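For reference, model29.pdb is printed below; it contains PDB, C-alpha atoms and all ligand atoms.
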```pdb
ATOM      1  CA  MET A   1       0.000   0.000   0.000
ATOM      2  CA  LEU A   2       2.234   2.792  -1.332
ATOM      3  CA  LEU A   3      -0.245   5.576  -0.642
ATOM      4  CA  LYS A   4      -1.931   4.674   2.647
ATOM      5  CA  ASN A   5      -3.049   7.855   4.485
ATOM      6  CA  LYS A   6      -2.447  10.034   1.406
ATOM      7  CA  LYS A   7      -5.117  12.339   0.019
ATOM      8  CA  ILE A   8      -4.553  13.031  -3.676
ATOM      9  CA  LEU A   9      -6.495  15.172  -6.149
ATOM     10  CA  ILE A  10      -6.654  13.945  -9.738
ATOM     11  CA  SER A  11      -7.420  16.246 -12.678
ATOM     12  CA  GLY A  12      -7.938  15.392 -16.343
ATOM     13  CA  LEU A  13     -10.116  12.298 -16.107
ATOM     14  CA  ALA A  14     -12.355  12.586 -19.194
ATOM     15  CA  ASN A  15     -13.326   8.911 -19.554
ATOM     16  CA  LYS A  16     -12.183   5.383 -18.733
ATOM     17  CA  TYR A  17      -9.428   5.571 -21.376
ATOM     18  CA  SER A  18      -7.831   8.688 -19.829
ATOM     19  CA  ILE A  19      -4.325   8.346 -18.412
ATOM     20  CA  ALA A  20      -5.847   9.955 -15.289
ATOM     21  CA  ALA A  21      -8.157   6.914 -14.975
ATOM     22  CA  GLY A  22      -5.170   4.538 -15.005
ATOM     23  CA  ILE A  23      -3.590   6.729 -12.338
ATOM     24  CA  ALA A  24      -6.768   6.807 -10.243
ATOM     25  CA  TYR A  25      -7.122   2.998 -10.269
ATOM     26  CA  ALA A  26      -3.467   2.507  -9.301
ATOM     27  CA  MET A  27      -3.616   5.106  -6.527
ATOM     28  CA  HIS A  28      -6.875   3.672  -5.169
ATOM     29  CA  ARG A  29      -5.350   0.187  -5.158
ATOM     30  CA  GLU A  30      -2.381   1.613  -3.210
ATOM     31  CA  GLY A  31      -4.685   2.970  -0.511
ATOM     32  CA  ALA A  32      -4.944   6.667  -1.420
ATOM     33  CA  GLU A  33      -8.053   8.703  -0.703
ATOM     34  CA  LEU A  34      -8.970  10.436  -3.955
ATOM     35  CA  ALA A  35     -10.736  13.577  -5.127
ATOM     36  CA  PHE A  36     -11.306  14.574  -8.745
ATOM     37  CA  THR A  37     -11.676  17.723 -10.799
ATOM     38  CA  TYR A  38     -13.408  17.728 -14.196
ATOM     39  CA  GLN A  39     -13.379  20.321 -16.959
ATOM     40  CA  ASN A  40     -17.127  20.657 -17.406
ATOM     41  CA  GLU A  41     -20.543  19.169 -16.657
ATOM     42  CA  ARG A  42     -20.485  17.008 -19.823
ATOM     43  CA  LEU A  43     -17.598  14.932 -18.469
ATOM     44  CA  LEU A  44     -19.246  14.260 -15.101
ATOM     45  CA  LYS A  45     -21.231  11.248 -16.365
ATOM     46  CA  ASN A  46     -17.995   9.507 -17.391
ATOM     47  CA  LEU A  47     -16.171  10.449 -14.205
ATOM     48  CA  ARG A  48     -18.886   9.403 -11.715
ATOM     49  CA  PRO A  49     -18.697   5.609 -12.126
ATOM     50  CA  ILE A  50     -14.888   5.656 -11.986
ATOM     51  CA  ALA A  51     -14.842   7.880  -8.889
ATOM     52  CA  ASP A  52     -17.381   5.442  -7.372
ATOM     53  CA  GLU A  53     -15.092   2.488  -8.063
ATOM     54  CA  CYS A  54     -12.305   4.436  -6.365
ATOM     55  CA  GLY A  55     -14.502   5.135  -3.334
ATOM     56  CA  SER A  56     -14.542   8.892  -3.953
ATOM     57  CA  ASN A  57     -17.469  11.285  -3.801
ATOM     58  CA  ILE A  58     -15.390  14.455  -4.119
ATOM     59  CA  LEU A  59     -16.013  15.656  -7.665
ATOM     60  CA  ILE A  60     -15.311  19.308  -8.373
ATOM     61  CA  GLU A  61     -15.589  21.336 -11.565
ATOM     62  CA  CYS A  62     -12.367  23.098 -12.586
ATOM     63  CA  ASP A  63     -11.727  24.728 -15.948
ATOM     64  CA  VAL A  64      -8.030  25.588 -15.851
ATOM     65  CA  SER A  65      -8.423  28.310 -18.499
ATOM     66  CA  ASN A  66     -10.126  30.390 -15.797
ATOM     67  CA  ASP A  67      -8.406  31.628 -12.598
ATOM     68  CA  ASP A  68     -11.723  32.012 -10.754
ATOM     69  CA  SER A  69     -12.625  28.415 -11.568
ATOM     70  CA  ILE A  70      -9.267  27.173 -10.216
ATOM     71  CA  LYS A  71      -9.641  29.288  -7.075
ATOM     72  CA  SER A  72     -13.201  28.189  -6.319
ATOM     73  CA  SER A  73     -12.396  24.527  -6.984
ATOM     74  CA  PHE A  74      -9.760  24.553  -4.212
ATOM     75  CA  GLU A  75     -12.168  26.468  -1.953
ATOM     76  CA  GLU A  76     -14.702  23.707  -2.551
ATOM     77  CA  LEU A  77     -12.064  21.038  -1.918
ATOM     78  CA  SER A  78     -11.099  22.726   1.380
ATOM     79  CA  LYS A  79     -14.622  22.011   2.698
ATOM     80  CA  LYS A  80     -13.813  18.268   2.429
ATOM     81  CA  TRP A  81     -10.045  18.269   2.912
ATOM     82  CA  LYS A  82      -8.363  20.967   5.040
ATOM     83  CA  LYS A  83      -5.002  19.607   3.980
ATOM     84  CA  PHE A  84      -3.970  17.111   1.330
ATOM     85  CA  ASP A  85      -0.877  15.396  -0.050
ATOM     86  CA  GLY A  86      -0.628  16.307  -3.705
ATOM     87  CA  PHE A  87      -2.291  16.413  -7.070
ATOM     88  CA  VAL A  88      -1.981  14.935 -10.536
ATOM     89  CA  HIS A  89      -2.135  17.365 -13.463
ATOM     90  CA  SER A  90      -3.219  15.316 -16.482
ATOM     91  CA  ILE A  91      -4.378  18.133 -18.728
ATOM     92  CA  GLY A  92      -3.253  19.185 -22.187
ATOM     93  CA  PHE A  93      -4.911  21.034 -25.016
ATOM     94  CA  ALA A  94      -4.211  22.864 -28.254
ATOM     95  CA  PRO A  95      -6.822  23.895 -30.842
ATOM     96  CA  ALA A  96      -7.285  21.037 -33.338
ATOM     97  CA  ASP A  97      -6.074  23.151 -36.284
ATOM     98  CA  GLN A  98      -2.630  23.405 -34.617
ATOM     99  CA  LEU A  99      -2.102  19.639 -34.621
ATOM    100  CA  GLU A 100      -2.353  18.830 -38.300
ATOM    101  CA  GLY A 101       0.042  19.992 -41.006
ATOM    102  CA  ASP A 102       3.381  21.719 -41.283
ATOM    103  CA  PHE A 103       4.497  23.397 -38.026
ATOM    104  CA  LEU A 104       5.387  26.759 -39.579
ATOM    105  CA  GLU A 105       2.249  26.889 -41.701
ATOM    106  CA  VAL A 106      -0.330  25.980 -39.052
ATOM    107  CA  THR A 107       1.047  27.567 -35.886
ATOM    108  CA  ASN A 108      -0.454  30.935 -34.956
ATOM    109  CA  ARG A 109      -0.346  33.303 -31.970
ATOM    110  CA  GLU A 110      -3.745  32.256 -30.612
ATOM    111  CA  GLY A 111      -2.958  28.519 -30.896
ATOM    112  CA  PHE A 112       0.419  29.041 -29.234
ATOM    113  CA  LYS A 113      -1.172  31.021 -26.411
ATOM    114  CA  ILE A 114      -3.914  28.465 -25.722
ATOM    115  CA  ALA A 115      -1.546  25.466 -25.882
ATOM    116  CA  HIS A 116       0.873  27.023 -23.392
ATOM    117  CA  ASP A 117      -1.880  28.372 -21.138
ATOM    118  CA  ILE A 118      -3.834  25.115 -20.792
ATOM    119  CA  SER A 119      -0.943  22.645 -21.050
ATOM    120  CA  SER A 120       1.762  24.402 -18.988
ATOM    121  CA  TYR A 121       0.660  27.486 -17.060
ATOM    122  CA  SER A 122      -2.264  25.592 -15.532
ATOM    123  CA  PHE A 123       0.218  23.400 -13.615
ATOM    124  CA  THR A 124       1.731  26.525 -11.995
ATOM    125  CA  ALA A 125      -1.734  27.947 -11.375
ATOM    126  CA  MET A 126      -2.927  24.798  -9.581
ATOM    127  CA  ALA A 127       0.257  24.735  -7.460
ATOM    128  CA  LYS A 128      -0.205  28.417  -6.553
ATOM    129  CA  GLU A 129      -3.833  27.995  -5.471
ATOM    130  CA  SER A 130      -3.293  24.774  -3.507
ATOM    131  CA  LYS A 131       0.051  25.500  -1.816
ATOM    132  CA  SER A 132      -1.490  26.590   1.505
ATOM    133  CA  MET A 133      -3.435  23.313   1.659
ATOM    134  CA  LEU A 134      -0.516  21.001   0.891
ATOM    135  CA  ASN A 135       1.034  18.952   3.697
ATOM    136  CA  GLU A 136       4.784  18.510   4.033
ATOM    137  CA  ASN A 137       5.892  15.504   1.950
ATOM    138  CA  SER A 138       3.336  16.324  -0.725
ATOM    139  CA  ALA A 139       3.982  15.418  -4.345
ATOM    140  CA  LEU A 140       2.792  17.077  -7.541
ATOM    141  CA  LEU A 141       2.813  15.189 -10.821
ATOM    142  CA  THR A 142       2.191  16.108 -14.444
ATOM    143  CA  LEU A 143       2.095  14.221 -17.749
ATOM    144  CA  THR A 144       4.381  15.130 -20.618
ATOM    145  CA  TYR A 145       5.425  13.712 -23.987
ATOM    146  CA  LEU A 146       8.602  13.168 -26.040
ATOM    147  CA  GLY A 147       7.526  15.933 -28.451
ATOM    148  CA  SER A 148       9.037  18.330 -25.886
ATOM    149  CA  THR A 149      12.588  17.422 -26.932
ATOM    150  CA  GLN A 150      12.252  15.703 -30.317
ATOM    151  CA  THR A 151      10.334  16.609 -33.437
ATOM    152  CA  MET A 152       7.663  14.506 -35.092
ATOM    153  CA  PRO A 153       4.836  15.208 -37.536
ATOM    154  CA  ASN A 154       1.767  17.107 -36.296
ATOM    155  CA  TYR A 155       2.565  17.422 -32.587
ATOM    156  CA  ASN A 156       3.704  20.950 -33.470
ATOM    157  CA  VAL A 157       2.978  23.645 -30.868
ATOM    158  CA  MET A 158       2.120  20.987 -28.262
ATOM    159  CA  GLY A 159       5.839  20.094 -28.354
ATOM    160  CA  LEU A 160       6.694  23.649 -27.367
ATOM    161  CA  ALA A 161       4.057  23.599 -24.639
ATOM    162  CA  LYS A 162       5.435  20.304 -23.261
ATOM    163  CA  ALA A 163       8.968  21.769 -23.258
ATOM    164  CA  SER A 164       7.524  24.600 -21.173
ATOM    165  CA  LEU A 165       5.724  22.125 -18.905
ATOM    166  CA  GLU A 166       8.978  20.243 -18.258
ATOM    167  CA  ALA A 167      10.821  23.473 -17.378
ATOM    168  CA  ASN A 168       7.794  24.339 -15.238
ATOM    169  CA  THR A 169       8.265  21.030 -13.387
ATOM    170  CA  ARG A 170      11.893  21.942 -12.593
ATOM    171  CA  PHE A 171      11.138  25.518 -11.497
ATOM    172  CA  LEU A 172       8.219  24.373  -9.333
ATOM    173  CA  ALA A 173      10.478  21.716  -7.805
ATOM    174  CA  ALA A 174      13.078  24.408  -7.002
ATOM    175  CA  SER A 175      10.426  26.717  -5.561
ATOM    176  CA  LEU A 176       8.605  24.118  -3.449
ATOM    177  CA  GLY A 177      11.666  22.203  -2.259
ATOM    178  CA  LYS A 178      11.917  24.360   0.876
ATOM    179  CA  ASP A 179       8.391  23.219   1.813
ATOM    180  CA  ASN A 180       9.401  19.602   1.209
ATOM    181  CA  ILE A 181       6.980  19.363  -1.697
ATOM    182  CA  ARG A 182       8.225  17.336  -4.667
ATOM    183  CA  VAL A 183       7.297  18.029  -8.295
ATOM    184  CA  ASN A 184       7.790  15.498 -11.081
ATOM    185  CA  ALA A 185       6.624  14.577 -14.557
ATOM    186  CA  ILE A 186       5.983  11.296 -16.333
ATOM    187  CA  SER A 187       6.707  11.254 -20.046
ATOM    188  CA  ALA A 188       4.303   8.606 -21.336
ATOM    189  CA  GLY A 189       4.495   6.763 -24.630
ATOM    190  CA  PRO A 190       1.530   7.154 -26.990
ATOM    191  CA  ILE A 191      -1.756   5.758 -25.632
ATOM    192  CA  LYS A 192      -5.113   5.758 -27.418
ATOM    193  CA  THR A 193      -7.084   8.182 -25.240
ATOM    194  CA  LEU A 194      -9.722  10.790 -26.095
ATOM    195  CA  ALA A 195      -6.986  13.405 -26.699
ATOM    196  CA  ALA A 196      -5.323  10.991 -29.140
ATOM    197  CA  SER A 197      -8.496   9.852 -30.892
ATOM    198  CA  GLY A 198      -8.730  12.885 -33.178
ATOM    199  CA  VAL A 199      -5.090  12.636 -34.173
ATOM    200  CA  LYS A 200      -4.414  11.704 -37.804
ATOM    201  CA  ASN A 201      -2.609   8.348 -38.306
ATOM    202  CA  PHE A 202      -2.447   7.647 -34.570
ATOM    203  CA  ARG A 203      -2.679   3.897 -35.174
ATOM    204  CA  LYS A 204       0.376   4.053 -37.444
ATOM    205  CA  MET A 205       2.218   5.953 -34.703
ATOM    206  CA  LEU A 206       1.383   3.202 -32.203
ATOM    207  CA  SER A 207       2.776   0.505 -34.493
ATOM    208  CA  GLN A 208       5.954   2.524 -35.212
ATOM    209  CA  HIS A 209       6.339   2.939 -31.464
ATOM    210  CA  SER A 210       6.135  -0.818 -30.902
ATOM    211  CA  ASN A 211       8.615  -1.358 -33.706
ATOM    212  CA  LYS A 212      11.338   0.884 -32.223
ATOM    213  CA  ALA A 213      10.741   0.480 -28.479
ATOM    214  CA  PRO A 214      13.099  -2.030 -26.769
ATOM    215  CA  LEU A 215      10.096  -3.725 -25.161
ATOM    216  CA  GLY A 216       8.492  -4.121 -28.595
ATOM    217  CA  ARG A 217       5.121  -2.720 -27.560
ATOM    218  CA  THR A 218       3.246   0.356 -26.401
ATOM    219  CA  VAL A 219       2.481   1.150 -22.752
ATOM    220  CA  THR A 220      -0.875   1.193 -20.969
ATOM    221  CA  ALA A 221      -2.485   3.824 -18.745
ATOM    222  CA  GLU A 222      -2.209   1.237 -15.962
ATOM    223  CA  GLU A 223       1.579   1.135 -16.337
ATOM    224  CA  VAL A 224       1.689   4.936 -16.189
ATOM    225  CA  GLY A 225      -0.579   4.741 -13.129
ATOM    226  CA  ASN A 226       1.800   2.416 -11.310
ATOM    227  CA  VAL A 227       4.719   4.820 -11.787
ATOM    228  CA  ALA A 228       2.492   7.756 -10.814
ATOM    229  CA  ALA A 229       1.585   5.987  -7.558
ATOM    230  CA  PHE A 230       5.273   5.435  -6.801
ATOM    231  CA  MET A 231       6.175   9.057  -7.657
ATOM    232  CA  CYS A 232       3.551  10.397  -5.261
ATOM    233  CA  SER A 233       4.549   7.952  -2.511
ATOM    234  CA  ASP A 234       7.156   8.448   0.199
ATOM    235  CA  TYR A 235       9.309   5.807  -1.547
ATOM    236  CA  ALA A 236      10.108   8.571  -4.083
ATOM    237  CA  SER A 237      11.073  11.033  -1.326
ATOM    238  CA  GLY A 238      14.465  11.663  -2.944
ATOM    239  CA  ILE A 239      13.109  12.450  -6.426
ATOM    240  CA  THR A 240      12.073  15.933  -7.509
ATOM    241  CA  GLY A 241      12.175  17.967 -10.711
ATOM    242  CA  GLU A 242      12.570  14.743 -12.687
ATOM    243  CA  ILE A 243      11.075  13.624 -15.999
ATOM    244  CA  THR A 244      10.549   9.847 -15.880
ATOM    245  CA  TYR A 245       9.901   8.052 -19.169
ATOM    246  CA  VAL A 246       7.215   5.379 -19.150
ATOM    247  CA  ASP A 247       7.465   4.509 -22.825
ATOM    248  CA  ALA A 248       8.743   0.920 -23.133
ATOM    249  CA  GLY A 249      12.187   2.435 -23.760
ATOM    250  CA  PHE A 250      11.249   4.202 -27.019
ATOM    251  CA  ASN A 251      13.184   7.391 -26.173
ATOM    252  CA  ILE A 252      16.550   5.621 -25.740
ATOM    253  CA  ALA A 253      16.524   3.844 -29.090
ATOM    254  CA  ALA A 254      17.818   5.614 -32.200
ATOM    255  CA  MET A 255      16.756   2.863 -34.577
ATOM    256  CA  PRO A 256      14.659  -0.300 -34.500
ATOM    257  CA  LEU A 257      16.802  -3.432 -33.978
ATOM    258  CA  ASN A 258      14.815  -5.683 -36.267
ATOM    259  CA  GLU A 259      15.297  -3.482 -39.382
ATOM    260  CA  LEU A 260      18.949  -4.572 -39.569
ATOM    261  CA  ASN A 261      18.401  -8.276 -38.981
ATOM    262  CA  ASP A 262      19.407 -10.510 -41.863
ATOM    263  CA  ASP A 263      16.223 -12.588 -41.815
TER     264      ASP A 263
HETATM  265  P1  LIG B 301      -7.660  12.782 -22.146
HETATM  266  O1  LIG B 301      -8.381  13.439 -23.275
HETATM  267  O2  LIG B 301      -8.280  11.622 -21.528
HETATM  268  O3  LIG B 301      -7.290  13.858 -21.031
HETATM  269  C1  LIG B 301      -7.054  15.218 -21.316
HETATM  270  C2  LIG B 301      -7.769  15.990 -20.234
HETATM  271  O4  LIG B 301      -7.502  17.380 -20.334
HETATM  272  C3  LIG B 301      -9.299  15.825 -20.333
HETATM  273  O5  LIG B 301      -9.792  15.268 -19.148
HETATM  274  C4  LIG B 301      -9.788  17.250 -20.496
HETATM  275  O6  LIG B 301     -11.010  17.484 -19.828
HETATM  276  C5  LIG B 301      -8.644  18.015 -19.850
HETATM  277  N1  LIG B 301      -8.668  19.435 -20.192
HETATM  278  C6  LIG B 301      -8.461  20.033 -21.400
HETATM  279  N2  LIG B 301      -8.679  21.360 -21.312
HETATM  280  C7  LIG B 301      -9.012  21.617 -20.015
HETATM  281  C8  LIG B 301      -9.382  22.795 -19.304
HETATM  282  N3  LIG B 301      -9.448  23.997 -19.899
HETATM  283  N4  LIG B 301      -9.655  22.686 -17.963
HETATM  284  C9  LIG B 301      -9.606  21.483 -17.343
HETATM  285  N5  LIG B 301      -9.281  20.334 -17.972
HETATM  286  C10 LIG B 301      -8.993  20.399 -19.295
HETATM  287  O7  LIG B 301      -6.205  12.406 -22.753
HETATM  288  P2  LIG B 301      -4.888  11.855 -22.043
HETATM  289  O8  LIG B 301      -4.107  11.276 -23.175
HETATM  290  O9  LIG B 301      -5.222  11.030 -20.878
HETATM  291  O10 LIG B 301      -4.142  13.203 -21.608
HETATM  292  C11 LIG B 301      -3.724  13.468 -20.290
HETATM  293  C12 LIG B 301      -2.323  14.062 -20.291
HETATM  294  O11 LIG B 301      -1.401  13.089 -20.744
HETATM  295  C13 LIG B 301      -2.150  15.274 -21.218
HETATM  296  O12 LIG B 301      -1.307  16.223 -20.601
HETATM  297  C14 LIG B 301      -1.439  14.666 -22.407
HETATM  298  O13 LIG B 301      -0.705  15.640 -23.097
HETATM  299  C15 LIG B 301      -0.555  13.672 -21.707
HETATM  300  N6  LIG B 301       0.019  12.614 -22.546
HETATM  301  C16 LIG B 301      -0.777  11.848 -23.331
HETATM  302  C17 LIG B 301      -0.209  10.843 -24.106
HETATM  303  C18 LIG B 301      -1.054   9.975 -25.028
HETATM  304  O14 LIG B 301      -0.520   9.404 -25.973
HETATM  305  N7  LIG B 301      -2.362   9.830 -24.779
HETATM  306  C19 LIG B 301       1.176  10.615 -24.065
HETATM  307  C20 LIG B 301       1.959  11.417 -23.228
HETATM  308  C21 LIG B 301       1.369  12.416 -22.470
HETATM  309  O1  LIG B 302      -0.355  15.286 -25.619
HETATM  310  C1  LIG B 302      -1.017  14.566 -26.334
HETATM  311  C2  LIG B 302      -2.408  14.992 -26.752
HETATM  312  C3  LIG B 302      -2.380  16.442 -27.116
HETATM  313  C4  LIG B 302      -3.636  17.048 -27.658
HETATM  314  C5  LIG B 302      -4.518  16.385 -28.490
HETATM  315  C6  LIG B 302      -5.631  17.068 -28.989
HETATM  316  C7  LIG B 302      -6.589  16.430 -29.940
HETATM  317  C8  LIG B 302      -7.932  17.111 -29.926
HETATM  318  C9  LIG B 302      -3.859  18.364 -27.355
HETATM  319  N1  LIG B 302      -4.928  19.048 -27.842
HETATM  320  C10 LIG B 302      -5.789  18.422 -28.629
HETATM  321  N2  LIG B 302      -6.823  19.160 -29.123
HETATM  322  C11 LIG B 302      -7.834  18.612 -29.810
HETATM  323  O2  LIG B 302      -8.742  19.328 -30.290
HETATM  324  N3  LIG B 302      -0.477  13.373 -26.768
HETATM  325  C12 LIG B 302       0.876  13.040 -26.371
HETATM  326  C13 LIG B 302      -1.154  12.451 -27.676
HETATM  327  C14 LIG B 302      -0.737  12.824 -29.052
HETATM  328  O3  LIG B 302      -1.317  13.855 -29.692
HETATM  329  C15 LIG B 302      -0.691  13.996 -30.922
HETATM  330  C16 LIG B 302       0.325  13.034 -31.035
HETATM  331  C17 LIG B 302       0.305  12.286 -29.829
HETATM  332  C18 LIG B 302       1.211  11.168 -29.477
HETATM  333  C19 LIG B 302      -0.924  14.915 -31.932
HETATM  334  C20 LIG B 302      -0.128  14.853 -33.089
HETATM  335  C21 LIG B 302       0.872  13.920 -33.191
HETATM  336  C22 LIG B 302       1.125  12.997 -32.184
END
```

For this file, produce the structure as structure tokens.
Amino acid sequence: MLLKNKKILISGLANKYSIAAGIAYAMHREGAELAFTYQNERLLKNLRPIADECGSNILIECDVSNDDSIKSSFEELSKKWKKFDGFVHSIGFAPADQLEGDFLEVTNREGFKIAHDISSYSFTAMAKESKSMLNENSALLTLTYLGSTQTMPNYNVMGLAKASLEANTRFLAASLGKDNIRVNAISAGPIKTLAASGVKNFRKMLSQHSNKAPLGRTVTAEEVGNVAAFMCSDYASGITGEITYVDAGFNIAAMPLNELNDD
């Protein structure tokens, strides 16, 4: 039970395929008490049954594009939990037109602004609003992607936003270290979630991933959840500001092994 006596808030659970759902199941299994935020009313019907399974009835609306919404969501949480032990930020967004086509052609000021606001600044904003409620030994966690440091088709301005999110993780870790609050990120391999479902040729990307990754496969939200549970547990007390890859090894391989086999 990695997370016995820990109260953790999970954001970004849109449906059962969300990485946040894999994290919630793993954290529940490890004994955490959970609360959830959701972007809007429409997503509540998907969240409810999963929160139920995880024994949670703390479901709070929070649209991270709006400071008042962030503020009031933590005010609402404080009625249930005076103090808690961390949160998971599993939120990313860019307008759909930014994620298809040539980077230089499709990227515009508005798309850049929204991608960075929702996908990076919101992590800072949530830390700012919740800091007074966080216990010592708390842990904050966010989800990033390899597009932050390497190029690929279509990920475009989200790559820039993830680079910002990773720097955000390090600066938050530096800032919150004195309060003994740790801040980390998991860089997950591609997983077929709602955010991935609109993405052109996503299935081809999954098979290319399996082809190059040392483990010869993709990863699951459950595998990400297991690492998330560890990162937020006291077993990870010496880790902060770190980006941990949960990607079946994809990021360390320059080339698929099998391409050069003689057979
Ligand atoms: P998802 O669609 O299930 O989750 C994305 C979440 O972001 C949704 O719950 C959505 O409600 C939330 N969100 C978007 N705008 C918001 C706003 N204004 N306010 C509040 N919430 C908002 O998809 P996912 O793949 O589980 O994504 C979760 C995180 O994991 C994202 O940061 C994503 O970039 C990251 N990630 C995903 C993959 C992948 O391949 N699926 C890989 C690496 C990292
Ligand atoms: O971070 C992500 C998802 C990012 C994302 C996806 C969407 C689709 C729907 C952000 N905003 C939106 N906005 C929408 O309107 N991933 C790591 C998954 C992902 O998304 C890609 C990928 C991968 C992998 C987009 C293009 C190329 C690869």

Identify all residues satisfying the PyMOL selection byres (((not hetatm)) within 6 of (chain B and resi 301)) in the given file; provide them as a ChimeraX atom specification.
/A:12-14,18-20,39,62-65,90-93,118,143-145,187-196

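Considering the residues A:Leu176, A:Ala94, A:Val183, A:Val227 and counting all atoms listed in the file, ligand LIG 302 (chain B) has its shortest atom-to-atom contact with A:Ala94.
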
So that I can check the surroundings of Asn5 in chain A, please list as a list in words every protein, DNA and RNA residue that reaches within 8 Å of it, counting only C-alpha atoms and ignoring chain neighbours fewer than 6 positions away.
Gly31, Ala32 and Glu33 of chain A

Once you count all atoms listed in the file, what closest atom pair and distance in Å to one decimal does each residue of range 41-141 of chain A within 12 Å of range 197-208 of chain A have, with rows by chain and rising residue number, as CSV?
```
residue,atom,partner,partner_atom,distance
A:Ala94,CA,A:Val199,CA,11.8
A:Pro95,CA,A:Gly198,CA,11.4
A:Ala96,CA,A:Gly198,CA,8.3
A:Asp97,CA,A:Val199,CA,10.8
A:Gln98,CA,A:Val199,CA,11.1
A:Leu99,CA,A:Val199,CA,7.6
A:Glu100,CA,A:Lys200,CA,7.4
A:Gly101,CA,A:Lys200,CA,9.9
```

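For Val224 in chain A, the set of protein, DNA and RNA residues having any atom at most 7 Å away, when counting only C-alpha atoms and skipping those fewer than 6 positions along the same chain, is A:Gly22, A:Ile23, A:Ala188, A:Val246.
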
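CA of Ile114 in chain A is found 12.4 Å from atom C5 of ligand LIG 302 (chain B).
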
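The two atoms in question, CA of Leu59 in chain A and CA of Thr37 in chain A, are spaced 5.7 Å apart.
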